[in-house]
Structures are given as C-alpha cells and as structure tokens.
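Visitor: The structure under discussion is supplied below as structure tokens; questions concerning it will follow.
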Amino acid sequence: MDTPGAQVRFRRPEPGDLGWIVQRHGALYAAEFGWNSEFEGLVARIVADFAQDHDPYLERVWIAELDGAPVGSVMCVRDAAPGTARLRLLLVDPAGRGHGIGAQLVDEVIGFARSVGYRELVLWTNDILTAARSLYQRAGFTLVAERPHRSYGVALTGQDWRLPLQEGSPH
C-alpha cells in the first residue's frame, strides 16, 4: 500500500545492516513460509562471505530505507562463471511492501551489473516466492531450470533464472 509522502532511499550498508539482513530473512521466512533456522544459517554464510571478501568494484549490497528505517535489501556478487554476476538475498520487509521497492532493488542490481561489465546476471530462488519471481520476470529474467528439493524444513522447487546483460550474451 503506497503511503503519500513516504521517502524511499537506497544506500550502501552501514554498521549493523548486514546483521539486519540475516535477522530479517530468518524471521520473515519463518513467519511467512515456515522455514527453519537452516535458511537463516545459509543467509548468514552468504552475508559473512561478502563481509570478509568482496570486490567493492564488482560486488555490492543495497539497503532500502523507508522514512529512515531499513525495509529491504539485495546483493550483487560475482558468480563462479566468468563474466557472470549473481543477484542474492532480495528482501522487502512487510513494512516496505507496496512502494515498488522490490522492483527498484532488482533494477539497481541490473544497472550496476551492466555498468561494471558483467555479461550475464543469474539468480536462484524457489517457486513459492511468487512476488519475487514476478519481479524477476518483469525485469526480463528467463527461467532456465527447476529442481525439487527439501530444504529449510519444507519441500520446495528451486529455480535458476538468467538475464543476458550485453548483446551476444548466452540465453
């Protein structure tokens, strides 16, 4: 629900924000999808890896604020495949939903990945995350693979998505 006059701002993380990403993912995914602490552990590893060893030119985290409070986040990190970036940990807190923050976060990653020369952007998600998947589809990502798995205490279907960023990129 859009609130007239609400101020949305995107910024780089400040002290405490990486912990906020882990905490909000753990709490929200438990509340909304019944996922267990295994998921929070995965998020903590992803965030810790970024904090310990990232290239600030090629990798970035965005924090979305609404009226001065953090309500969303996303990461862009190098993938193992050369020339490929990975979108990770997209989250919009319920307090920030309805303001277009998720789409803007995805656009930030795409624009950044293009600007630093990545040829392709990939991501992995689960089919149950319908709001995020619709954002990815609207941004031009294509579903390239699906696999059932059991993780975080539930049965899920994992999905791989791709977005070519330059002409001649793999489809």
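By order of appearance in the structure tokens: chains A, B, ..., then residues from 1 within every chain, and ligands from 1 in the order shown.
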Excluding Glu59 (chain A) and its own-chain neighbours fewer than 5 positions away, which residues fall within 12 Å of it when counting only C-alpha atoms? Please give them as a list in words.
Guide: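 Residues near the query, excluding close chain neighbours: Arg12, Asp49, Phe50, Ala51, Asp53, His54, Val74, Met75, Cys76, Val77, Arg78, Asp79, Thr84, Ala85, Arg86, Leu87, Arg88, Val109, Ile110, Phe112, Ala113, Arg114, Ser115, Val116, Gly117 and Tyr118 of chain A.
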Visitor: Go ahead and dump the residues you just picked, N, CA, C and O atoms, as an mmCIF file, in the first residue's frame.
Guide:
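This is the output file again29.cif:
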```cif
data_model
loop_
_atom_site.group_PDB
_atom_site.id
_atom_site.type_symbol
_atom_site.label_atom_id
_atom_site.label_comp_id
_atom_site.auth_asym_id
_atom_site.auth_seq_id
_atom_site.Cartn_x
_atom_site.Cartn_y
_atom_site.Cartn_z
ATOM 1 N N ARG A 12 24.280 2.148 0.547
ATOM 2 C CA ARG A 12 25.175 1.044 0.879
ATOM 3 C C ARG A 12 25.012 0.716 2.354
ATOM 4 O O ARG A 12 24.569 1.553 3.143
ATOM 5 N N ASP A 49 30.442 -14.268 3.966
ATOM 6 C CA ASP A 49 31.377 -14.365 2.846
ATOM 7 C C ASP A 49 31.555 -13.009 2.180
ATOM 8 O O ASP A 49 32.674 -12.608 1.848
ATOM 9 N N PHE A 50 30.464 -12.288 1.985
ATOM 10 C CA PHE A 50 30.539 -10.959 1.386
ATOM 11 C C PHE A 50 31.344 -10.017 2.285
ATOM 12 O O PHE A 50 32.226 -9.299 1.809
ATOM 13 N N ALA A 51 31.043 -10.014 3.570
ATOM 14 C CA ALA A 51 31.705 -9.102 4.506
ATOM 15 C C ALA A 51 33.207 -9.362 4.575
ATOM 16 O O ALA A 51 34.002 -8.427 4.672
ATOM 17 N N ASP A 53 35.181 -10.992 2.212
ATOM 18 C CA ASP A 53 35.963 -10.982 0.977
ATOM 19 C C ASP A 53 35.077 -10.605 -0.199
ATOM 20 O O ASP A 53 34.456 -11.466 -0.813
ATOM 21 N N HIS A 54 34.998 -9.307 -0.488
ATOM 22 C CA HIS A 54 34.284 -8.895 -1.692
ATOM 23 C C HIS A 54 35.083 -7.810 -2.409
ATOM 24 O O HIS A 54 35.891 -7.117 -1.799
ATOM 25 N N VAL A 74 19.302 -6.191 -1.080
ATOM 26 C CA VAL A 74 19.665 -7.098 -2.164
ATOM 27 C C VAL A 74 21.180 -7.042 -2.303
ATOM 28 O O VAL A 74 21.812 -6.060 -1.906
ATOM 29 N N MET A 75 21.747 -8.113 -2.875
ATOM 30 C CA MET A 75 23.186 -8.195 -3.117
ATOM 31 C C MET A 75 23.441 -8.505 -4.589
ATOM 32 O O MET A 75 22.650 -9.212 -5.222
ATOM 33 N N CYS A 76 24.571 -8.007 -5.082
ATOM 34 C CA CYS A 76 25.104 -8.405 -6.383
ATOM 35 C C CYS A 76 26.515 -8.897 -6.129
ATOM 36 O O CYS A 76 27.356 -8.135 -5.627
ATOM 37 N N VAL A 77 26.769 -10.173 -6.426
ATOM 38 C CA VAL A 77 28.081 -10.770 -6.182
ATOM 39 C C VAL A 77 28.569 -11.479 -7.436
ATOM 40 O O VAL A 77 27.780 -11.815 -8.314
ATOM 41 N N ARG A 78 29.883 -11.698 -7.489
ATOM 42 C CA ARG A 78 30.461 -12.453 -8.602
ATOM 43 C C ARG A 78 29.996 -13.896 -8.529
ATOM 44 O O ARG A 78 29.954 -14.489 -7.460
ATOM 45 N N ASP A 79 29.685 -14.457 -9.674
ATOM 46 C CA ASP A 79 29.353 -15.870 -9.770
ATOM 47 C C ASP A 79 30.626 -16.622 -10.152
ATOM 48 O O ASP A 79 31.602 -16.016 -10.588
ATOM 49 N N THR A 84 29.888 -13.357 -15.094
ATOM 50 C CA THR A 84 28.532 -13.541 -14.580
ATOM 51 C C THR A 84 28.424 -13.014 -13.158
ATOM 52 O O THR A 84 29.274 -13.286 -12.313
ATOM 53 N N ALA A 85 27.359 -12.268 -12.913
ATOM 54 C CA ALA A 85 27.030 -11.791 -11.572
ATOM 55 C C ALA A 85 25.829 -12.566 -11.062
ATOM 56 O O ALA A 85 25.059 -13.134 -11.840
ATOM 57 N N ARG A 86 25.675 -12.590 -9.750
ATOM 58 C CA ARG A 86 24.557 -13.298 -9.123
ATOM 59 C C ARG A 86 23.787 -12.320 -8.239
ATOM 60 O O ARG A 86 24.371 -11.658 -7.387
ATOM 61 N N LEU A 87 22.483 -12.240 -8.449
ATOM 62 C CA LEU A 87 21.584 -11.485 -7.586
ATOM 63 C C LEU A 87 21.266 -12.380 -6.398
ATOM 64 O O LEU A 87 20.867 -13.519 -6.579
ATOM 65 N N ARG A 88 21.441 -11.851 -5.164
ATOM 66 C CA ARG A 88 21.221 -12.661 -3.969
ATOM 67 C C ARG A 88 20.444 -11.885 -2.927
ATOM 68 O O ARG A 88 20.559 -10.673 -2.801
ATOM 69 N N VAL A 109 20.457 -3.690 -9.075
ATOM 70 C CA VAL A 109 21.409 -4.768 -9.357
ATOM 71 C C VAL A 109 21.688 -4.850 -10.855
ATOM 72 O O VAL A 109 22.841 -4.943 -11.278
ATOM 73 N N ILE A 110 20.643 -4.818 -11.665
ATOM 74 C CA ILE A 110 20.817 -4.927 -13.122
ATOM 75 C C ILE A 110 21.669 -3.769 -13.637
ATOM 76 O O ILE A 110 22.622 -3.975 -14.403
ATOM 77 N N PHE A 112 23.788 -1.847 -12.007
ATOM 78 C CA PHE A 112 25.160 -1.978 -11.505
ATOM 79 C C PHE A 112 25.921 -3.052 -12.279
ATOM 80 O O PHE A 112 27.045 -2.829 -12.726
ATOM 81 N N ALA A 113 25.311 -4.238 -12.436
ATOM 82 C CA ALA A 113 25.985 -5.343 -13.125
ATOM 83 C C ALA A 113 26.354 -4.947 -14.556
ATOM 84 O O ALA A 113 27.456 -5.252 -15.025
ATOM 85 N N ARG A 114 25.448 -4.255 -15.243
ATOM 86 C CA ARG A 114 25.754 -3.773 -16.594
ATOM 87 C C ARG A 114 26.895 -2.767 -16.563
ATOM 88 O O ARG A 114 27.800 -2.819 -17.392
ATOM 89 N N SER A 115 26.859 -1.850 -15.613
ATOM 90 C CA SER A 115 27.829 -0.751 -15.578
ATOM 91 C C SER A 115 29.258 -1.229 -15.329
ATOM 92 O O SER A 115 30.196 -0.567 -15.752
ATOM 93 N N VAL A 116 29.426 -2.356 -14.648
ATOM 94 C CA VAL A 116 30.777 -2.854 -14.386
ATOM 95 C C VAL A 116 31.190 -3.955 -15.360
ATOM 96 O O VAL A 116 32.256 -4.547 -15.208
ATOM 97 N N GLY A 117 30.352 -4.228 -16.366
ATOM 98 C CA GLY A 117 30.757 -5.096 -17.463
ATOM 99 C C GLY A 117 30.377 -6.557 -17.382
ATOM 100 O O GLY A 117 30.856 -7.355 -18.193
ATOM 101 N N TYR A 118 29.531 -6.932 -16.426
ATOM 102 C CA TYR A 118 29.081 -8.328 -16.426
ATOM 103 C C TYR A 118 28.293 -8.597 -17.704
ATOM 104 O O TYR A 118 27.553 -7.743 -18.194
#
```
Visitor: Please return, as a PyMOL selection string, all residues of chain A that DSSP assigns to helix (DSSP H, G or I) on the basis of the backbone.
Guide: chain A and resi 17-33+37-52+94-96+101-115+130-138
Visitor: Report the distance between CA of Val8 (chain A) and CA of Ile128 (chain A) in Å, rounded to one decimal place.
Guide: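 We find that CA of Val8 (chain A) and CA of Ile128 (chain A) lie 27.0 Å from each other.
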Visitor: Pick out each residue of region 3-171 of chain A that DSSP on the backbone tags as strand (DSSP E); I need them as an MDAnalysis selection string.
Guide: chainID A and resid 8:11 60:66 69:78 84:92 120:126 142:151 154:164
Visitor: What's the 9 Å shell around Leu105 (chain A), counting only C-alpha atoms, without same-chain residues fewer than 3 positions away, as a ChimeraX atom specification?
Guide: /A:10,62-64,72-74,90-91,100-102,108-110
Visitor: Dump all heavy atoms for the selected residues as a short mmCIF file (atom, residue, chain, number, x, y, z; two decimals), in the first residue's frame?
Guide:
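What landed in part.cif:
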```
data_model
loop_
_atom_site.label_atom_id
_atom_site.label_comp_id
_atom_site.auth_asym_id
_atom_site.auth_seq_id
_atom_site.Cartn_x
_atom_site.Cartn_y
_atom_site.Cartn_z
N PHE A 10 17.88 4.43 -1.25
CA PHE A 10 18.73 3.26 -1.41
C PHE A 10 20.15 3.68 -1.07
O PHE A 10 20.62 4.71 -1.52
CB PHE A 10 18.66 2.71 -2.84
CG PHE A 10 17.27 2.27 -3.20
CD1 PHE A 10 16.38 3.15 -3.80
CD2 PHE A 10 16.84 1.00 -2.89
CE1 PHE A 10 15.09 2.76 -4.09
CE2 PHE A 10 15.54 0.61 -3.18
CZ PHE A 10 14.67 1.49 -3.78
N TRP A 62 22.76 -3.31 -1.37
CA TRP A 62 21.91 -2.14 -1.23
C TRP A 62 20.96 -2.36 -0.06
O TRP A 62 20.41 -3.45 0.10
CB TRP A 62 21.06 -1.91 -2.47
CG TRP A 62 21.82 -1.47 -3.66
CD1 TRP A 62 22.00 -0.19 -4.11
CD2 TRP A 62 22.50 -2.30 -4.60
NE1 TRP A 62 22.76 -0.19 -5.25
CE2 TRP A 62 23.08 -1.48 -5.57
CE3 TRP A 62 22.69 -3.68 -4.69
CZ2 TRP A 62 23.83 -1.97 -6.63
CZ3 TRP A 62 23.44 -4.18 -5.74
CH2 TRP A 62 24.00 -3.34 -6.71
N ILE A 63 20.76 -1.32 0.70
CA ILE A 63 19.76 -1.28 1.76
C ILE A 63 18.71 -0.27 1.32
O ILE A 63 19.05 0.86 0.95
CB ILE A 63 20.37 -0.85 3.12
CG1 ILE A 63 21.48 -1.82 3.54
CG2 ILE A 63 19.27 -0.73 4.18
CD1 ILE A 63 21.03 -3.24 3.85
N ALA A 64 17.45 -0.68 1.35
CA ALA A 64 16.35 0.24 1.06
C ALA A 64 15.80 0.74 2.38
O ALA A 64 15.55 -0.06 3.29
CB ALA A 64 15.25 -0.47 0.27
N GLY A 72 14.40 -3.14 3.17
CA GLY A 72 14.71 -4.02 2.05
C GLY A 72 16.20 -4.11 1.81
O GLY A 72 16.97 -3.28 2.30
N SER A 73 16.58 -5.15 1.05
CA SER A 73 17.99 -5.34 0.73
C SER A 73 18.12 -6.26 -0.46
O SER A 73 17.21 -7.02 -0.80
CB SER A 73 18.74 -5.94 1.92
OG SER A 73 18.20 -7.20 2.26
N VAL A 74 19.30 -6.19 -1.08
CA VAL A 74 19.66 -7.10 -2.16
C VAL A 74 21.18 -7.04 -2.30
O VAL A 74 21.81 -6.06 -1.91
CB VAL A 74 18.96 -6.72 -3.50
CG1 VAL A 74 19.51 -5.43 -4.09
CG2 VAL A 74 19.00 -7.86 -4.49
N LEU A 90 17.36 -10.94 -2.14
CA LEU A 90 16.35 -9.90 -2.29
C LEU A 90 15.32 -10.04 -1.17
O LEU A 90 14.79 -11.12 -0.94
CB LEU A 90 15.66 -10.01 -3.65
CG LEU A 90 14.50 -9.04 -3.88
CD1 LEU A 90 14.99 -7.59 -3.90
CD2 LEU A 90 13.78 -9.39 -5.17
N LEU A 91 15.06 -8.95 -0.48
CA LEU A 91 14.09 -8.97 0.61
C LEU A 91 13.40 -7.60 0.69
O LEU A 91 14.08 -6.57 0.62
CB LEU A 91 14.79 -9.23 1.95
CG LEU A 91 13.89 -9.19 3.18
CD1 LEU A 91 13.19 -10.53 3.35
CD2 LEU A 91 14.68 -8.85 4.41
N GLY A 100 7.03 -0.26 -4.46
CA GLY A 100 7.88 -0.52 -5.61
C GLY A 100 9.33 -0.77 -5.25
O GLY A 100 10.20 -0.76 -6.13
N ILE A 101 9.61 -1.01 -3.98
CA ILE A 101 10.99 -1.18 -3.52
C ILE A 101 11.64 -2.42 -4.11
O ILE A 101 12.80 -2.38 -4.52
CB ILE A 101 11.04 -1.18 -1.98
CG1 ILE A 101 10.69 0.23 -1.46
CG2 ILE A 101 12.39 -1.65 -1.46
CD1 ILE A 101 10.47 0.32 0.04
N GLY A 102 10.91 -3.52 -4.18
CA GLY A 102 11.49 -4.75 -4.74
C GLY A 102 11.93 -4.55 -6.18
O GLY A 102 13.05 -4.93 -6.55
N GLU A 108 18.40 -1.81 -9.48
CA GLU A 108 19.72 -1.37 -9.01
C GLU A 108 20.77 -2.43 -9.34
O GLU A 108 21.87 -2.10 -9.81
CB GLU A 108 19.71 -1.11 -7.50
CG GLU A 108 18.95 0.11 -7.07
CD GLU A 108 19.68 1.42 -7.37
OE1 GLU A 108 20.92 1.43 -7.49
OE2 GLU A 108 18.98 2.44 -7.48
N VAL A 109 20.46 -3.69 -9.08
CA VAL A 109 21.41 -4.77 -9.36
C VAL A 109 21.69 -4.85 -10.86
O VAL A 109 22.84 -4.94 -11.28
CB VAL A 109 20.90 -6.12 -8.81
CG1 VAL A 109 21.79 -7.27 -9.28
CG2 VAL A 109 20.83 -6.09 -7.29
N ILE A 110 20.64 -4.82 -11.66
CA ILE A 110 20.82 -4.93 -13.12
C ILE A 110 21.67 -3.77 -13.64
O ILE A 110 22.62 -3.98 -14.40
CB ILE A 110 19.44 -4.98 -13.83
CG1 ILE A 110 18.72 -6.29 -13.48
CG2 ILE A 110 19.61 -4.84 -15.35
CD1 ILE A 110 17.26 -6.32 -13.92
#
```
Visitor: Would you kindly return, as a list of chain:residue names, each protein, DNA or RNA residue with an atom no farther than 7 Å from any atom of region 147-153 of chain A, considering only C-alpha atoms and excluding same-chain residues fewer than 2 positions away?
Guide: A:Trp35, A:Asn36, A:Ser37, A:Glu38, A:Phe39, A:Ala145, A:Ala155, A:Leu156, A:Thr157, A:Gly158, A:Gln159
Visitor: With distances taken over only C-alpha atoms, which residue among A:Leu135, A:Val92, A:His25, A:Thr130 lies nearest Asp107 (chain A)?
Guide: A:Leu135
Visitor: Counting only C-alpha atoms, what is within 7 Å of Leu66 (chain A), bar same-chain residues fewer than 5 positions away, as JSON, numbers by chain?
Guide: {"A": [6, 7, 8, 9, 71, 96]}
Visitor: How about saving the chosen residues, all heavy atoms kept, as a short mmCIF file (atom, residue, chain, number, x, y, z; two decimals), in the first residue's frame?
Guide:
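Dumped to part_29.cif:
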```
data_model
loop_
_atom_site.label_atom_id
_atom_site.label_comp_id
_atom_site.auth_asym_id
_atom_site.auth_seq_id
_atom_site.Cartn_x
_atom_site.Cartn_y
_atom_site.Cartn_z
N ALA A 6 5.83 9.14 1.55
CA ALA A 6 6.84 8.22 2.08
C ALA A 6 8.14 8.43 1.33
O ALA A 6 8.15 8.54 0.11
CB ALA A 6 6.37 6.78 1.97
N GLN A 7 9.23 8.49 2.06
CA GLN A 7 10.55 8.71 1.47
C GLN A 7 11.33 7.40 1.38
O GLN A 7 11.64 6.81 2.40
CB GLN A 7 11.34 9.72 2.31
CG GLN A 7 10.73 11.11 2.33
CD GLN A 7 10.77 11.77 0.96
OE1 GLN A 7 11.80 11.76 0.29
NE2 GLN A 7 9.65 12.32 0.53
N VAL A 8 11.60 6.96 0.15
CA VAL A 8 12.38 5.75 -0.09
C VAL A 8 13.79 6.17 -0.50
O VAL A 8 13.95 7.07 -1.33
CB VAL A 8 11.75 4.87 -1.19
CG1 VAL A 8 12.62 3.66 -1.47
CG2 VAL A 8 10.34 4.45 -0.80
N ARG A 9 14.77 5.52 0.10
CA ARG A 9 16.18 5.82 -0.21
C ARG A 9 16.94 4.50 -0.31
O ARG A 9 16.66 3.57 0.45
CB ARG A 9 16.77 6.67 0.91
CG ARG A 9 18.23 7.00 0.74
CD ARG A 9 18.69 8.01 1.78
NE ARG A 9 19.07 7.39 3.03
CZ ARG A 9 20.33 7.28 3.46
NH1 ARG A 9 21.34 7.73 2.74
NH2 ARG A 9 20.59 6.71 4.61
N VAL A 71 14.02 -1.37 5.18
CA VAL A 71 12.87 -2.20 4.82
C VAL A 71 13.17 -3.15 3.67
O VAL A 71 12.28 -3.88 3.24
CB VAL A 71 11.61 -1.35 4.48
CG1 VAL A 71 11.10 -0.59 5.70
CG2 VAL A 71 11.90 -0.41 3.31
N GLY A 96 7.73 -2.31 4.09
CA GLY A 96 8.14 -1.60 2.89
C GLY A 96 7.42 -2.03 1.63
O GLY A 96 7.66 -1.50 0.54
#
```
Visitor: For Glu167 (chain A), which of A:Tyr136, A:Asn126, A:Ile21, A:Glu120 is the closest residue, counting only C-alpha atoms?
Guide: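 That would be A:Glu120, the residue with the smallest distance to Glu167 (chain A).
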Visitor: For CA of His99 (chain A) and CA of Gly140 (chain A), quote the distance in Å rounded to one decimal.
Guide: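 Interatomic distance, CA of His99 (chain A) to CA of Gly140 (chain A): 20.4 Å.
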Visitor: What lies within 8 Å of Leu163 (chain A) using only C-alpha atoms, ignoring chain neighbours under 4 positions off, as a ChimeraX atom specification?
Guide: /A:120-122,140-142,171
Visitor: At what distance in Å, to one decimal, does CA of Ala80 (chain A) lie from CA of Tyr29 (chain A)?
Guide: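 So the two atoms, CA of Tyr29 (chain A) and CA of Ala80 (chain A), lie 26.7 Å apart.
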Visitor: Taking only C-alpha atoms into account, which of A:Asp160, A:Glu65, A:Glu146, A:Asp127 comes nearest Arg11 (chain A)?
Guide: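 Using only C-alpha atoms, the shortest distance to Arg11 (chain A) belongs to A:Glu65.
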